[in-house]
Every structure is written in structure tokens, then in C-alpha cells.
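Reproduced below: run37.cif, with mmCIF, C-alpha atoms and all ligand atoms.
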data_upload
#
loop_
_atom_site.label_atom_id
_atom_site.label_comp_id
_atom_site.auth_asym_id
_atom_site.auth_seq_id
_atom_site.Cartn_x
_atom_site.Cartn_y
_atom_site.Cartn_z
CA MET H 1 55.63 159.47 133.03
CA ALA H 2 57.11 156.49 134.91
CA ASN H 3 57.51 153.99 132.05
CA SER H 4 56.91 156.30 129.13
CA LEU H 5 58.67 155.89 125.81
CA LEU H 6 60.43 159.20 126.43
CA THR H 7 61.74 158.07 129.81
CA ASP H 8 62.97 154.88 128.18
CA ALA H 9 64.60 156.87 125.37
CA SER H 10 66.40 159.18 127.78
CA ARG H 11 67.90 156.20 129.65
CA ARG H 12 70.23 155.87 126.63
CA LEU H 13 71.31 159.44 127.25
CA ASP H 14 72.17 158.72 130.88
CA ARG H 15 74.45 155.88 129.80
CA ALA H 16 76.44 158.16 127.50
CA LEU H 17 76.70 161.10 129.91
CA LYS H 18 79.60 159.69 131.88
CA TYR H 19 81.80 159.67 128.78
CA VAL H 20 81.27 163.32 127.82
CA THR H 21 82.24 166.58 129.40
CA ILE H 22 78.99 168.52 128.95
CA SER H 23 77.59 170.37 131.95
CA GLU H 24 74.81 168.95 134.13
CA ASP H 25 72.60 171.86 133.08
CA THR H 26 73.01 170.97 129.42
CA ALA H 27 72.21 167.33 130.11
CA GLU H 28 69.13 168.32 132.12
CA ARG H 29 67.82 170.48 129.29
CA LEU H 30 68.01 167.52 126.92
CA LYS H 31 65.51 165.45 128.88
CA ALA H 32 62.31 167.30 128.02
CA PRO H 33 61.02 168.75 124.75
CA LYS H 34 61.20 172.48 124.16
CA ALA H 35 57.57 172.70 123.02
CA SER H 36 54.69 170.29 122.36
CA LEU H 37 51.59 171.24 120.39
CA LYS H 38 48.39 169.19 120.51
CA VAL H 39 45.73 170.00 117.93
CA SER H 40 42.24 168.89 116.89
CA ILE H 41 41.71 168.46 113.16
CA PRO H 42 38.09 168.53 111.97
CA VAL H 43 37.69 166.63 108.69
CA ARG H 44 34.61 166.48 106.48
CA MET H 45 34.25 162.80 105.54
CA ASP H 46 32.97 161.59 102.16
CA ASP H 47 29.57 160.68 103.65
CA GLY H 48 29.06 164.27 104.85
CA SER H 49 29.78 163.58 108.54
CA LEU H 50 32.47 165.43 110.50
CA ARG H 51 35.26 163.56 112.30
CA VAL H 52 37.74 165.25 114.59
CA PHE H 53 41.25 163.74 114.67
CA GLU H 54 43.95 164.36 117.26
CA GLY H 55 47.36 165.53 116.07
CA TYR H 56 50.69 166.58 117.55
CA ARG H 57 53.89 168.40 116.65
CA VAL H 58 56.81 168.43 119.06
CA HIS H 59 60.01 170.50 118.93
CA PHE H 60 62.55 168.72 121.06
CA ASP H 61 65.65 170.87 120.74
CA ASP H 62 66.70 173.56 118.26
CA THR H 63 70.18 174.42 119.50
CA ARG H 64 71.91 173.12 116.37
CA GLY H 65 69.41 174.48 113.85
CA PRO H 66 65.75 174.42 112.80
CA THR H 67 64.00 171.35 114.15
CA LYS H 68 63.49 168.43 111.76
CA GLY H 69 61.46 165.26 111.78
CA GLY H 70 58.70 163.31 110.10
CA ILE H 71 54.93 163.15 110.47
CA ARG H 72 53.41 159.79 111.34
CA PHE H 73 49.83 158.72 110.63
CA HIS H 74 49.14 155.68 112.81
CA PRO H 75 46.48 154.45 115.27
CA GLN H 76 49.10 154.23 118.05
CA VAL H 77 50.28 157.85 117.77
CA SER H 78 50.31 159.55 121.19
CA LEU H 79 52.02 162.61 122.63
CA ASP H 80 54.49 160.37 124.45
CA GLU H 81 55.41 158.55 121.24
CA VAL H 82 55.83 161.80 119.28
CA GLN H 83 58.01 163.26 122.05
CA SER H 84 60.30 160.25 122.10
CA LEU H 85 60.54 160.27 118.29
CA ALA H 86 61.46 163.99 118.47
CA PHE H 87 64.13 163.13 121.07
CA TRP H 88 65.63 160.55 118.68
CA MET H 89 65.59 163.06 115.81
CA THR H 90 67.62 165.51 117.92
CA PHE H 91 70.34 162.93 118.50
CA LYS H 92 70.15 161.56 114.97
CA CYS H 93 70.81 164.97 113.40
CA ALA H 94 73.64 165.63 115.86
CA ALA H 95 75.21 162.18 115.26
CA LEU H 96 75.14 162.75 111.48
CA ASN H 97 76.41 166.32 111.77
CA ILE H 98 73.30 167.65 110.05
CA PRO H 99 72.62 171.29 111.03
CA PHE H 100 69.14 170.60 112.41
CA GLY H 101 67.53 170.02 115.78
CA GLY H 102 64.87 167.40 116.43
CA ALA H 103 61.10 167.37 116.00
CA LYS H 104 58.28 164.98 115.16
CA GLY H 105 54.60 165.09 114.34
CA GLY H 106 51.74 162.67 114.16
CA VAL H 107 48.03 162.15 113.79
CA THR H 108 46.22 159.32 115.58
CA LEU H 109 44.37 157.42 112.86
CA ASN H 110 44.49 154.42 110.57
CA PRO H 111 45.08 156.03 107.16
CA LYS H 112 44.02 152.81 105.43
CA GLU H 113 40.43 153.53 106.56
CA LEU H 114 40.29 156.92 104.78
CA SER H 115 39.61 157.58 101.13
CA LYS H 116 42.22 159.53 99.18
CA ALA H 117 40.09 162.70 99.30
CA GLU H 118 39.58 162.33 103.08
CA LEU H 119 43.32 161.82 103.53
CA GLU H 120 44.03 165.00 101.55
CA ARG H 121 41.53 167.02 103.65
CA LEU H 122 43.08 165.61 106.84
CA SER H 123 46.63 166.45 105.65
CA ARG H 124 45.64 170.02 104.77
CA GLY H 125 43.72 170.36 108.06
CA TYR H 126 46.81 169.25 110.00
CA ILE H 127 48.90 171.95 108.29
CA ASP H 128 46.19 174.58 109.00
CA ALA H 129 46.48 173.61 112.67
CA ILE H 130 50.29 173.67 112.92
CA ALA H 131 51.21 176.31 110.30
CA ASN H 132 52.54 178.77 112.87
CA PHE H 133 54.63 176.03 114.49
CA ILE H 134 56.56 175.06 111.31
CA GLY H 135 58.56 176.92 108.64
CA PRO H 136 61.70 176.57 106.46
CA ASP H 137 63.82 178.27 109.15
CA THR H 138 62.07 176.93 112.24
CA ASP H 139 60.72 173.39 111.87
CA ILE H 140 60.71 171.22 108.74
CA PRO H 141 58.48 168.11 108.60
CA ALA H 142 58.96 165.03 106.37
CA PRO H 143 57.40 161.59 105.86
CA ASP H 144 57.38 158.89 108.53
CA VAL H 145 55.33 155.72 109.13
CA TYR H 146 52.27 155.64 106.78
CA THR H 147 52.92 159.05 105.21
CA ASN H 148 54.49 159.51 101.77
CA PRO H 149 55.54 162.00 99.06
CA MET H 150 51.93 162.52 97.94
CA ILE H 151 50.95 163.63 101.44
CA MET H 152 54.05 165.87 101.69
CA GLY H 153 53.03 167.49 98.39
CA TRP H 154 49.53 168.34 99.73
CA MET H 155 51.06 169.67 102.95
CA MET H 156 53.58 171.87 101.13
CA ASP H 157 50.78 173.20 98.92
CA GLN H 158 48.60 174.01 101.95
CA TYR H 159 51.46 175.79 103.72
CA SER H 160 52.20 177.79 100.54
CA ILE H 161 48.51 178.80 100.33
CA ILE H 162 48.53 179.99 103.96
CA ARG H 163 51.77 181.96 103.52
CA GLN H 164 50.77 183.14 100.04
CA GLN H 165 54.17 182.19 98.67
CA ARG H 166 55.62 178.98 97.29
CA SER H 167 57.55 177.40 100.15
CA PRO H 168 59.16 174.14 99.01
CA ALA H 169 61.74 174.16 101.84
CA VAL H 170 59.04 173.89 104.55
CA ILE H 171 58.78 170.14 104.08
CA THR H 172 60.98 167.39 102.67
CA GLY H 173 60.22 164.06 101.06
CA LYS H 174 58.01 165.81 98.49
CA PRO H 175 57.28 164.40 95.04
CA VAL H 176 60.22 165.16 92.72
CA ALA H 177 57.83 167.18 90.52
CA LEU H 178 57.31 169.60 93.44
CA GLY H 179 60.95 170.05 94.43
CA GLY H 180 61.59 166.70 96.11
CA SER H 181 65.13 165.32 95.96
CA LEU H 182 66.07 162.38 93.81
CA GLY H 183 66.94 159.47 96.07
CA ARG H 184 64.86 160.69 99.06
CA SER H 185 62.28 157.90 98.88
CA THR H 186 64.95 155.18 99.03
CA ALA H 187 67.35 157.08 101.32
CA THR H 188 66.55 155.36 104.64
CA GLY H 189 67.10 151.86 103.23
CA THR H 190 70.08 152.88 101.12
CA GLY H 191 71.73 154.67 104.06
CA ALA H 192 71.18 151.62 106.27
CA PHE H 193 72.87 149.44 103.64
CA TYR H 194 75.88 151.80 103.46
CA VAL H 195 76.24 151.62 107.26
CA LEU H 196 75.89 147.83 107.28
CA GLU H 197 78.49 147.36 104.54
CA ALA H 198 80.95 149.78 106.20
CA ILE H 199 80.61 148.07 109.58
CA MET H 200 80.55 144.46 108.35
CA ALA H 201 83.81 145.02 106.47
CA GLN H 202 85.46 145.79 109.83
CA LEU H 203 84.06 142.83 111.77
CA PRO H 204 86.09 139.64 112.16
CA ASP H 205 83.13 137.70 110.69
CA SER H 206 83.56 139.41 107.34
CA GLN H 207 86.43 137.05 106.59
CA LYS H 208 84.00 134.11 106.45
CA SER H 209 83.19 133.37 102.83
CA THR H 210 79.66 131.96 103.30
CA PRO H 211 76.87 134.42 102.46
CA LYS H 212 75.38 136.06 105.53
CA THR H 213 71.79 135.26 106.43
CA VAL H 214 69.41 138.13 107.14
CA ALA H 215 65.86 138.53 108.50
CA VAL H 216 64.01 141.80 107.90
CA GLN H 217 60.97 142.72 110.01
CA GLY H 218 58.82 145.17 108.02
CA PHE H 219 58.68 145.44 104.24
CA GLY H 220 57.73 149.10 103.94
CA ASN H 221 59.71 151.93 102.41
CA ALA H 222 62.82 151.29 104.52
CA GLY H 223 62.72 147.50 105.05
CA SER H 224 62.08 146.59 101.40
CA VAL H 225 64.88 148.84 100.12
CA VAL H 226 67.48 147.54 102.55
CA ALA H 227 66.37 143.94 101.80
CA ARG H 228 66.83 144.62 98.08
CA HIS H 229 70.32 146.09 98.51
CA LEU H 230 71.34 143.10 100.61
CA PHE H 231 69.90 140.65 98.08
CA ASP H 232 71.78 142.41 95.24
CA ALA H 233 75.01 142.33 97.28
CA GLY H 234 74.76 138.53 97.73
CA TYR H 235 73.33 138.26 101.24
CA THR H 236 70.75 135.49 101.81
CA VAL H 237 67.54 137.18 102.96
CA VAL H 238 65.76 134.24 104.61
CA ALA H 239 62.74 136.05 106.07
CA VAL H 240 60.68 139.21 105.63
CA SER H 241 57.36 140.32 107.10
CA ASP H 242 54.70 143.01 107.12
CA SER H 243 52.17 143.89 109.83
CA ARG H 244 50.16 140.73 109.00
CA GLY H 245 53.05 138.28 109.48
CA GLY H 246 56.13 136.86 107.80
CA ILE H 247 57.57 134.31 105.37
CA TYR H 248 60.67 132.20 105.86
CA THR H 249 62.76 130.22 103.39
CA PRO H 250 66.17 129.00 104.67
CA SER H 251 67.67 129.00 101.17
CA GLY H 252 66.72 132.66 100.69
CA LEU H 253 63.81 134.67 99.27
CA ASP H 254 63.75 136.35 95.87
CA ILE H 255 63.47 139.95 97.06
CA PRO H 256 62.93 141.58 93.61
CA SER H 257 59.92 139.28 93.06
CA ILE H 258 58.49 140.07 96.50
CA GLN H 259 58.93 143.81 95.85
CA LYS H 260 57.10 143.50 92.54
CA PHE H 261 54.30 141.44 94.13
CA LYS H 262 53.95 143.98 96.95
CA ALA H 263 53.75 146.87 94.47
CA ASP H 264 50.99 145.05 92.55
CA THR H 265 48.93 143.66 95.46
CA ARG H 266 50.10 145.54 98.60
CA SER H 267 50.79 142.18 100.26
CA VAL H 268 53.97 140.26 101.02
CA LYS H 269 54.10 136.66 99.76
CA ALA H 270 56.93 134.17 99.12
CA VAL H 271 56.84 134.42 95.34
CA TYR H 272 59.20 134.04 92.44
CA CYS H 273 58.22 136.11 89.40
CA ASP H 274 59.19 135.23 85.86
CA GLY H 275 58.31 138.35 83.93
CA SER H 276 54.79 139.24 84.97
CA VAL H 277 53.91 135.71 86.17
CA CYS H 278 54.48 135.21 89.90
CA SER H 279 54.14 131.83 91.63
CA LEU H 280 54.51 130.79 95.24
CA VAL H 281 57.74 129.04 96.27
CA ASP H 282 58.36 126.68 99.21
CA HIS H 283 58.23 128.63 102.46
CA THR H 284 57.04 128.63 106.05
CA VAL H 285 54.54 131.18 107.28
CA ILE H 286 55.86 132.74 110.50
CA THR H 287 54.71 135.41 112.93
CA ASN H 288 56.60 138.65 113.45
CA GLU H 289 57.64 137.34 116.86
CA GLU H 290 59.11 134.18 115.27
CA LEU H 291 60.96 136.25 112.66
CA LEU H 292 62.71 138.20 115.40
CA SER H 293 64.02 135.04 117.05
CA LEU H 294 65.34 133.31 113.89
CA ASP H 295 68.91 132.01 113.97
CA VAL H 296 70.42 134.43 111.43
CA ASP H 297 73.62 136.45 111.16
CA ILE H 298 71.84 139.80 110.83
CA LEU H 299 68.44 140.89 112.12
CA ILE H 300 66.90 144.10 110.77
CA PRO H 301 63.87 145.42 112.66
CA ALA H 302 62.35 147.90 110.19
CA ALA H 303 58.78 148.25 111.52
CA LEU H 304 57.74 150.05 114.72
CA GLU H 305 59.21 150.77 118.15
CA ASN H 306 59.42 148.35 121.09
CA GLN H 307 59.54 145.08 119.14
CA ILE H 308 62.38 143.63 121.22
CA THR H 309 61.78 144.19 124.93
CA GLY H 310 62.65 142.56 128.26
CA ALA H 311 59.91 140.02 127.46
CA ASN H 312 61.47 138.51 124.31
CA ALA H 313 65.12 139.67 124.21
CA ASP H 314 66.43 136.36 125.56
CA LYS H 315 64.96 134.57 122.50
CA ILE H 316 66.95 136.61 119.97
CA GLN H 317 69.61 134.54 118.22
CA ALA H 318 71.02 136.92 115.59
CA ARG H 319 74.67 137.98 115.92
CA TYR H 320 74.12 141.55 114.73
CA ILE H 321 71.09 143.81 114.81
CA PHE H 322 70.80 146.89 112.61
CA GLU H 323 67.90 149.09 113.79
CA VAL H 324 66.19 150.50 110.71
CA ALA H 325 62.98 151.37 112.62
CA ASN H 326 63.04 154.08 115.26
CA GLY H 327 63.28 152.60 118.76
CA PRO H 328 62.65 148.91 117.98
CA ILE H 329 64.62 147.80 121.08
CA SER H 330 63.70 148.95 124.60
CA ALA H 331 66.40 150.04 127.06
CA ASP H 332 65.98 146.95 129.29
CA ALA H 333 66.38 144.69 126.23
CA ASP H 334 69.72 146.39 125.46
CA ASP H 335 71.29 144.82 128.55
CA ILE H 336 69.95 141.33 127.81
CA LEU H 337 71.19 141.46 124.19
CA GLU H 338 74.59 142.74 125.28
CA ALA H 339 74.92 139.92 127.83
CA LYS H 340 74.15 137.45 125.02
CA GLY H 341 76.99 138.93 122.93
CA ILE H 342 74.66 140.41 120.30
CA THR H 343 75.99 143.62 118.74
CA VAL H 344 73.35 146.27 118.09
CA PHE H 345 73.82 149.18 115.68
CA PRO H 346 71.41 151.92 116.72
CA ASP H 347 68.55 153.65 114.93
CA ILE H 348 70.03 157.14 115.27
CA LEU H 349 72.86 156.01 113.00
CA VAL H 350 71.41 153.19 110.89
CA ASN H 351 68.20 154.90 109.73
CA ALA H 352 69.67 158.40 109.43
CA GLY H 353 69.85 158.19 105.62
CA GLY H 354 66.28 159.53 105.41
CA VAL H 355 66.94 162.73 107.29
CA THR H 356 70.32 163.14 105.58
CA VAL H 357 68.71 163.26 102.14
CA SER H 358 65.92 165.43 103.62
CA TYR H 359 68.68 167.87 104.54
CA PHE H 360 69.99 167.66 100.95
CA GLU H 361 66.46 168.32 99.68
CA TRP H 362 66.17 171.43 101.88
CA VAL H 363 69.58 172.66 100.62
CA GLN H 364 68.49 172.10 97.00
CA ASN H 365 65.16 173.91 97.57
CA ARG H 366 66.95 176.88 99.09
CA SER H 367 69.69 177.10 96.47
CA GLY H 368 67.42 176.32 93.52
CA LEU H 369 70.09 174.00 92.14
CA TYR H 370 69.11 170.31 91.83
CA TRP H 371 71.48 167.33 92.06
CA SER H 372 71.64 164.06 90.12
CA LEU H 373 70.80 160.77 91.86
CA GLU H 374 74.51 159.84 91.74
CA GLU H 375 75.46 163.05 93.51
CA VAL H 376 72.78 162.54 96.20
CA ASN H 377 73.87 158.95 96.87
CA GLN H 378 77.57 159.83 96.86
CA ARG H 379 77.01 162.58 99.42
CA LEU H 380 74.73 160.31 101.49
CA LYS H 381 77.36 157.57 101.53
CA LYS H 382 80.09 159.95 102.58
CA GLN H 383 78.05 161.53 105.39
CA ILE H 384 76.64 158.31 106.86
CA VAL H 385 79.80 156.19 106.55
CA THR H 386 81.84 158.96 108.22
CA ALA H 387 79.38 158.94 111.14
CA ALA H 388 79.39 155.11 111.28
CA ASN H 389 83.20 154.95 111.40
CA THR H 390 83.46 157.66 114.04
CA ILE H 391 80.84 155.96 116.22
CA TRP H 392 82.37 152.49 115.82
CA GLN H 393 85.79 153.92 116.74
CA LEU H 394 84.31 155.63 119.83
CA ALA H 395 82.69 152.33 120.86
CA LYS H 396 86.08 150.63 120.71
CA THR H 397 87.88 153.46 122.52
CA HIS H 398 85.38 153.60 125.39
CA GLN H 399 84.53 149.88 125.32
CA THR H 400 80.83 150.74 125.06
CA SER H 401 77.97 149.56 122.90
CA ALA H 402 77.58 151.20 119.49
CA ARG H 403 74.39 152.80 120.82
CA THR H 404 76.15 154.50 123.71
CA ALA H 405 78.93 155.55 121.32
CA ALA H 406 76.36 157.14 119.00
CA TYR H 407 74.94 159.12 121.92
CA ILE H 408 78.46 160.14 123.01
CA HIS H 409 79.16 161.42 119.50
CA ALA H 410 75.80 163.27 119.32
CA LEU H 411 76.18 164.70 122.84
CA ASN H 412 79.64 166.05 122.07
CA SER H 413 78.23 168.03 119.17
CA LEU H 414 75.03 169.10 121.01
CA GLY H 415 76.93 170.04 124.16
CA ALA H 416 79.43 172.12 122.19
CA ALA H 417 76.58 173.96 120.45
CA MET H 418 74.71 174.58 123.69
CA ASP H 419 77.79 175.84 125.49
CA ALA H 420 78.70 178.06 122.54
CA ARG H 421 75.28 179.73 122.70
CA GLY H 422 75.91 180.94 126.25
CA THR H 423 73.62 180.86 129.25
CA ARG H 424 70.71 183.03 128.14
CA ALA H 425 68.54 180.01 127.46
CA ASP H 426 68.90 178.93 131.10
CA TYR H 427 67.02 181.90 132.45
CA VAL H 428 64.93 183.28 129.56
CA ARG H 429 61.98 181.23 128.39
CA ASN H 430 61.84 180.32 124.69
CA SER H 431 65.24 181.76 123.81
N1 LIG H 501 60.97 160.08 109.46
C1 LIG H 501 62.35 159.93 109.16
C2 LIG H 501 63.14 159.64 110.43
O1 LIG H 501 62.60 159.19 111.41
C3 LIG H 501 62.90 161.08 108.37
C4 LIG H 501 62.81 162.43 109.00
C5 LIG H 501 63.17 163.56 108.06
O2 LIG H 501 63.51 163.30 106.94
O3 LIG H 501 63.09 164.70 108.52
O4 LIG H 501 64.33 159.76 110.46
#

Can the structure from this file be put into C-alpha cells for me?
Ligand code: GLU
Amino acid sequence: MANSLLTDASRRLDRALKYVTISEDTAERLKAPKASLKVSIPVRMDDGSLRVFEGYRVHFDDTRGPTKGGIRFHPQVSLDEVQSLAFWMTFKCAALNIPFGGAKGGVTLNPKELSKAELERLSRGYIDAIANFIGPDTDIPAPDVYTNPMIMGWMMDQYSIIRQQRSPAVITGKPVALGGSLGRSTATGTGAFYVLEAIMAQLPDSQKSTPKTVAVQGFGNAGSVVARHLFDAGYTVVAVSDSRGGIYTPSGLDIPSIQKFKADTRSVKAVYCDGSVCSLVDHTVITNEELLSLDVDILIPAALENQITGANADKIQARYIFEVANGPISADADDILEAKGITVFPDILVNAGGVTVSYFEWVQNRSGLYWSLEEVNQRLKKQIVTAANTIWQLAKTHQTSARTAAYIHALNSLGAAMDARGTRADYVRNS
């Protein structure tokens, strides 16, 4: 496990440990997942052949409540990746004061290569394989990279068939028609915007009247929403990208047009749309690597993990980085960025809007009372801005990075919960 993602993730924990008073035993228990399940999912393909896919579900820690975390469909999914994502979920829920532990799931595949019917059979097969490992009071999945409300709907339906009772609270991020929460699909990007606005207002730079320039890597569910909020608030979004590459216009891109174009064609182009007519505007085609090193005020990595590492961190020129993806910066890159005076706001705070509204969805499913979009967004803002302010204050008090401060905050709440539960878990397996 020498250079695994999980080892890299837990290096952040080590940095925070010296600022908290939790016991060594508690800290030790937080370094390995509680349980990891690996499953094979046989799927009948449209041509009649059978393909067997590999899937995972990991419970990292459930001290603070049922475990929570998304399901990723991606060719790079591995047990190590799912374990590190489950680790981050544990600290994310603790940092946001959401009464859940951390989990994650994934299936190793490229969903773009499957037909809709194959994808549905795969999604149902995955739930068949993990049904005894999840549940509304034990472990609650949600969407993640390349999964969406439609897939969550199929999964909830399959779980309800297995249990022979309707179980909306087993999974969040469902279609609204099936008990999904209003505002869940935009929650990650909207939450990130609330954090960014709350923090920027406290930075000395906020006094400058010129609009801030922003580059956003990734134009998926999270990246496109945060880009749109920033555009609407008067920021100049100079570059965006998808997995195929990016576009750059120093005077700023028209984000609503690019969103519309992406919805129509599934591709990201530098367009300006007048009604339904979209035409290309002046721009430079750039690679994802070039986007990351643009000279901008704010860089938003909103794609996959490990985009900024020891190999390219010295090229980064942004003043502030807001991590909307999970784990986009490796631990060795943290030091290089800090030495360059770049302030990083961490994933476990910045992208926590998704799991926050997932929590609201679970509460609504269990109470049977559904909230308006305004109520969801108001509650999201309150919860995430409170966490952002507490973490930023801790960073100033301890003179640490915002990332270490976020882990300090999460550890304080996790440590208190672990201590309060007594010592039984230290000598009885699976307690
Ligand atoms: N996949 C999202 C995340 O990484 C959301 C998880 C959830 O809603 O449970 O935070």
C-alpha cells in the first residue's frame, strides 16, 4: 500500500493530529476502513453475451451515524480509490456536522460504452450484489462521477423489490418523482459557490474592485453549476474544460451558452448562443494541464483526483484553489502550493453541498414532508457557510492551511463521538 491513494489521503490526517486531543487509539482506528466488499456483477449485454463487471462498496467509519457516500462508474475505479473516497466522506460528514459516517462504492467500467438497458441491468445487478451491505439505517449510497438520478432511481427500485417494501431513504440523489430532494442535482456546485463567496468576502483581495478571473477544470454536474453561479455573480470565467480538453478566452466565456450547448450536444465549445442559434467566439484551445497552470485569481478543479501533484504543482499560478472534485491535489503538492503562497480550500468542505442535500433528502424521505427549493438552499447555505467560517477561523488560530483546519474540525467531532461510545469497539470485532 506504499503510495496508495488511501495512504496519501491519511497523510492529511497525520498533519491535523497534533492540533487535537483525541487518543492515539482513535487516530489509529481512522486509518483503515471498517469493511470493504468486492463483488462480481454479471450483466446480460444487448447482443446476448454475458459480461462480468467488478464492483466495490466500502464502509470507512460509522461512529457518527450510518455510512454515506456515492457510487462511481468509471474505468479507473479500484478498491484503493473507493477506500480513499470513503475516507474523505467520513471527514466530510464530520466537518459539516452531518450525522453520517463515510462510505463509497464503484464499478469499474466506462458507462458511455453501455446502452441504457445494459446500464440499467448493471445498476440493478450491483444492488443485488450489495443489498445486505446497504440500508436506510446502515449505509446510504448516492450519485458520484458518471452516475445520476436515473441510475439512483433504478437502484432504489431494485432495493425495494429485494426488501419487498418501498425504501426511498436507502439512496439519495433520486429523481424528484421518486422522492428525490429539490436542489440535490445542483447542490455540489451551489454549496461550493456559497463557500467561495463566504471566504472571498473575508480575504484582503475582496477589496479590489476588478472582477476576479476563474478557471474551472471539469464541466460536469459540479463544475458547470459552480461556473454558472460565478458567471451570474460577475466573476470572469476565462477557461473551462471537459475530459477531452479546454477552451480559454481572457475576456471571459459565456457560461449560460456553454451550458446550453453542452446539454444539446454533450460537448464543451466556446460558443455564444442567441436564442437557439449558437456560434463560436474567439478562443484558444488548451489542454487540461494548461488550464491548471493559467494565471487566474481562482482555480477550481472539478474533475477527478490527483490532477495537481508533485509533478506539476510548481506550474500553478492561481492565488486561490477551491477543490470541487474529491482529492484533486496530492499530499506532496500541498507543500509546494503552500510554499508558493497559494491558498487551497479543501474538498471535504468545498464539495460538501452534495452530501448535505443528500442528508436533507434522507430526512425528507423519513419524515414524509417535502421542502421547497428555497428551504433546501437556505438550509444548505447555513450549514456549509457555518462549517466554512469555523474552519477558516481554526486555520487562523492554529496558523495552518485550510485543509488541516478542516481535518482538525472533523477530528474533533469524530474523536468526541468515538470517545463517547466507550471502548467496546477496541476489543470486539464489528461493534
Ligand atoms: N458523491 C458525492 C460526494 O462525493 C455525494 C455523496 C452523497 O451525497 O452521499 O460528496

I'd like the neighbourhood of region 93-97 of chain H as a CSV table (one decimal) with C-alpha atoms, in the frame of the given file, where a residue qualifies if any of its atoms comes within 7 Å (using all atoms listed in the file), though same-chain residues fewer than 2 positions away should be ignored.
chain,number,residue,atom,x,y,z
H,89,MET,CA,65.6,163.1,115.8
H,90,THR,CA,67.6,165.5,117.9
H,91,PHE,CA,70.3,162.9,118.5
H,99,PRO,CA,72.6,171.3,111.0
H,100,PHE,CA,69.1,170.6,112.4
H,101,GLY,CA,67.5,170.0,115.8
H,349,LEU,CA,72.9,156.0,113.0
H,383,GLN,CA,78.0,161.5,105.4
H,384,ILE,CA,76.6,158.3,106.9
H,387,ALA,CA,79.4,158.9,111.1
H,406,ALA,CA,76.4,157.1,119.0
H,409,HIS,CA,79.2,161.4,119.5
H,410,ALA,CA,75.8,163.3,119.3
H,413,SER,CA,78.2,168.0,119.2
H,414,LEU,CA,75.0,169.1,121.0

So what do you get for CA of Ile255 (chain H) versus atom O2 of ligand LIG 501 (chain H), distance-wise?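 So the answer is 25.4 Å.
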
Can you list, as a PyMOL selection string, every protein, DNA or RNA residue that comes within 9 Å of Ala192 (chain H) when you count all atoms listed in the file, leaving out same-chain residues fewer than 5 positions away? chain H and resi 187+197+222+226+322-324+349-353+384

Which chains and residue numbers are within 7 Å of ligand LIG 501 (chain H), counting only C-alpha atoms and all ligand atoms, if I want them as a PyMOL selection string? chain H and resi 68-71+89+140-144+172-173+326+351-352+354-356+358

Closest of H:Val58, H:Leu230, H:Met150, H:Ala402 to Ala388 (chain H), counting all atoms listed in the file, is H:Ala402

Min atom-atom distance to Ala35 (chain H) from the set H:Leu109, H:Ile134, H:Ala303, H:Leu122, counting only C-alpha atoms, belongs to H:Ile134

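Of the residues listed (H:Val43, H:Ile161, H:Val344, H:Leu50), H:Val43 shows the shortest atom-to-atom separation from Glu118 (chain H); distances use all atoms listed in the file.
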
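Our summary of the geometry notes that CA of Val385 (chain H) is positioned 27.0 Å from CA of Gly368 (chain H).
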
Show which residues sit within 12 Å of Lys31 (chain H), as a PyMOL selection string. Count all atoms listed in the file, and ignore same-chain residues fewer than 5 positions away. chain H and resi 6-14+24-26+60-61+83-84+86-88+90-91

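Counting all atoms listed in the file, the residue from H:Lys396, H:Tyr272, H:Gln307, H:Thr147 that sits nearest to Gln202 (chain H) is H:Lys396.
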
Using all atoms listed in the file, the shortest atom-to-atom distance to Val240 (chain H) among H:Gly275, H:Gly125, H:Gly218, H:Pro66 belongs to H:Gly218

With distances taken over only C-alpha atoms, which of H:Met152, H:Asn377, H:Asn365, H:Tyr56 is nearest to Gly189 (chain H)? H:Asn377

Rounded to one decimal, what separation in Å do you get between CA of Phe53 (chain H) and CA of Val39 (chain H)?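 Those two atoms sit 8.4 Å apart.
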
Return the padded bounding box of region 225-233 of chain H as JSON: axis-aligned, built from all atoms listed in the file, 5 Å added on each side, with centre and edge lengths in Å to one decimal.
{"center_x": 69.9, "center_y": 144.7, "center_z": 98.9, "size_x": 20.1, "size_y": 18.2, "size_z": 17.3}

Neighbour list for Pro111 (chain H) as an MDAnalysis selection string, cut-off 8 Å, all atoms listed in the file, skip fewer than 2 positions in-chain: chainID H and resid 73:74 109 113:114 119 146

Could you pull the residues within 9 Å of Glu120 (chain H), counting all atoms listed in the file, minus those fewer than 6 positions along the same chain, as a ChimeraX atom specification? /H:151,154-155

Because some atoms of region 330-343 of chain H are absent here, can you restore N, CA and C atoms and send them as an mmCIF file, in the coordinates of the input?
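The resulting out_20.cif:
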data_model
loop_
_atom_site.group_PDB
_atom_site.id
_atom_site.type_symbol
_atom_site.label_atom_id
_atom_site.label_comp_id
_atom_site.auth_asym_id
_atom_site.auth_seq_id
_atom_site.Cartn_x
_atom_site.Cartn_y
_atom_site.Cartn_z
ATOM 1 N N SER H 330 63.863 148.147 123.377
ATOM 2 C CA SER H 330 63.700 148.950 124.600
ATOM 3 C C SER H 330 65.009 148.950 125.389
ATOM 4 N N ALA H 331 65.133 149.903 126.321
ATOM 5 C CA ALA H 331 66.400 150.040 127.060
ATOM 6 C C ALA H 331 66.705 148.789 127.884
ATOM 7 N N ASP H 332 65.681 148.156 128.486
ATOM 8 C CA ASP H 332 65.980 146.950 129.290
ATOM 9 C C ASP H 332 66.424 145.786 128.404
ATOM 10 N N ALA H 333 65.939 145.759 127.151
ATOM 11 C CA ALA H 333 66.380 144.690 126.230
ATOM 12 C C ALA H 333 67.848 144.878 125.841
ATOM 13 N N ASP H 334 68.311 146.127 125.800
ATOM 14 C CA ASP H 334 69.720 146.390 125.460
ATOM 15 C C ASP H 334 70.662 145.544 126.315
ATOM 16 N N ASP H 335 70.392 145.527 127.631
ATOM 17 C CA ASP H 335 71.290 144.820 128.550
ATOM 18 C C ASP H 335 71.274 143.320 128.285
ATOM 19 N N ILE H 336 70.080 142.789 128.036
ATOM 20 C CA ILE H 336 69.950 141.330 127.810
ATOM 21 C C ILE H 336 70.694 140.956 126.522
ATOM 22 N N LEU H 337 70.537 141.758 125.476
ATOM 23 C CA LEU H 337 71.190 141.460 124.190
ATOM 24 C C LEU H 337 72.702 141.549 124.350
ATOM 25 N N GLU H 338 73.150 142.563 125.090
ATOM 26 C CA GLU H 338 74.590 142.740 125.280
ATOM 27 C C GLU H 338 75.173 141.539 126.024
ATOM 28 N N ALA H 339 74.453 141.078 127.063
ATOM 29 C CA ALA H 339 74.920 139.920 127.830
ATOM 30 C C ALA H 339 74.990 138.673 126.952
ATOM 31 N N LYS H 340 74.133 138.607 125.936
ATOM 32 C CA LYS H 340 74.150 137.450 125.020
ATOM 33 C C LYS H 340 75.211 137.593 123.929
ATOM 34 N N GLY H 341 75.927 138.716 123.932
ATOM 35 C CA GLY H 341 76.990 138.930 122.930
ATOM 36 C C GLY H 341 76.461 139.375 121.578
ATOM 37 N N ILE H 342 75.241 139.921 121.560
ATOM 38 C CA ILE H 342 74.660 140.410 120.300
ATOM 39 C C ILE H 342 75.027 141.879 120.132
ATOM 40 N N THR H 343 75.571 142.233 118.978
ATOM 41 C CA THR H 343 75.990 143.620 118.740
ATOM 42 C C THR H 343 74.869 144.364 118.028
#
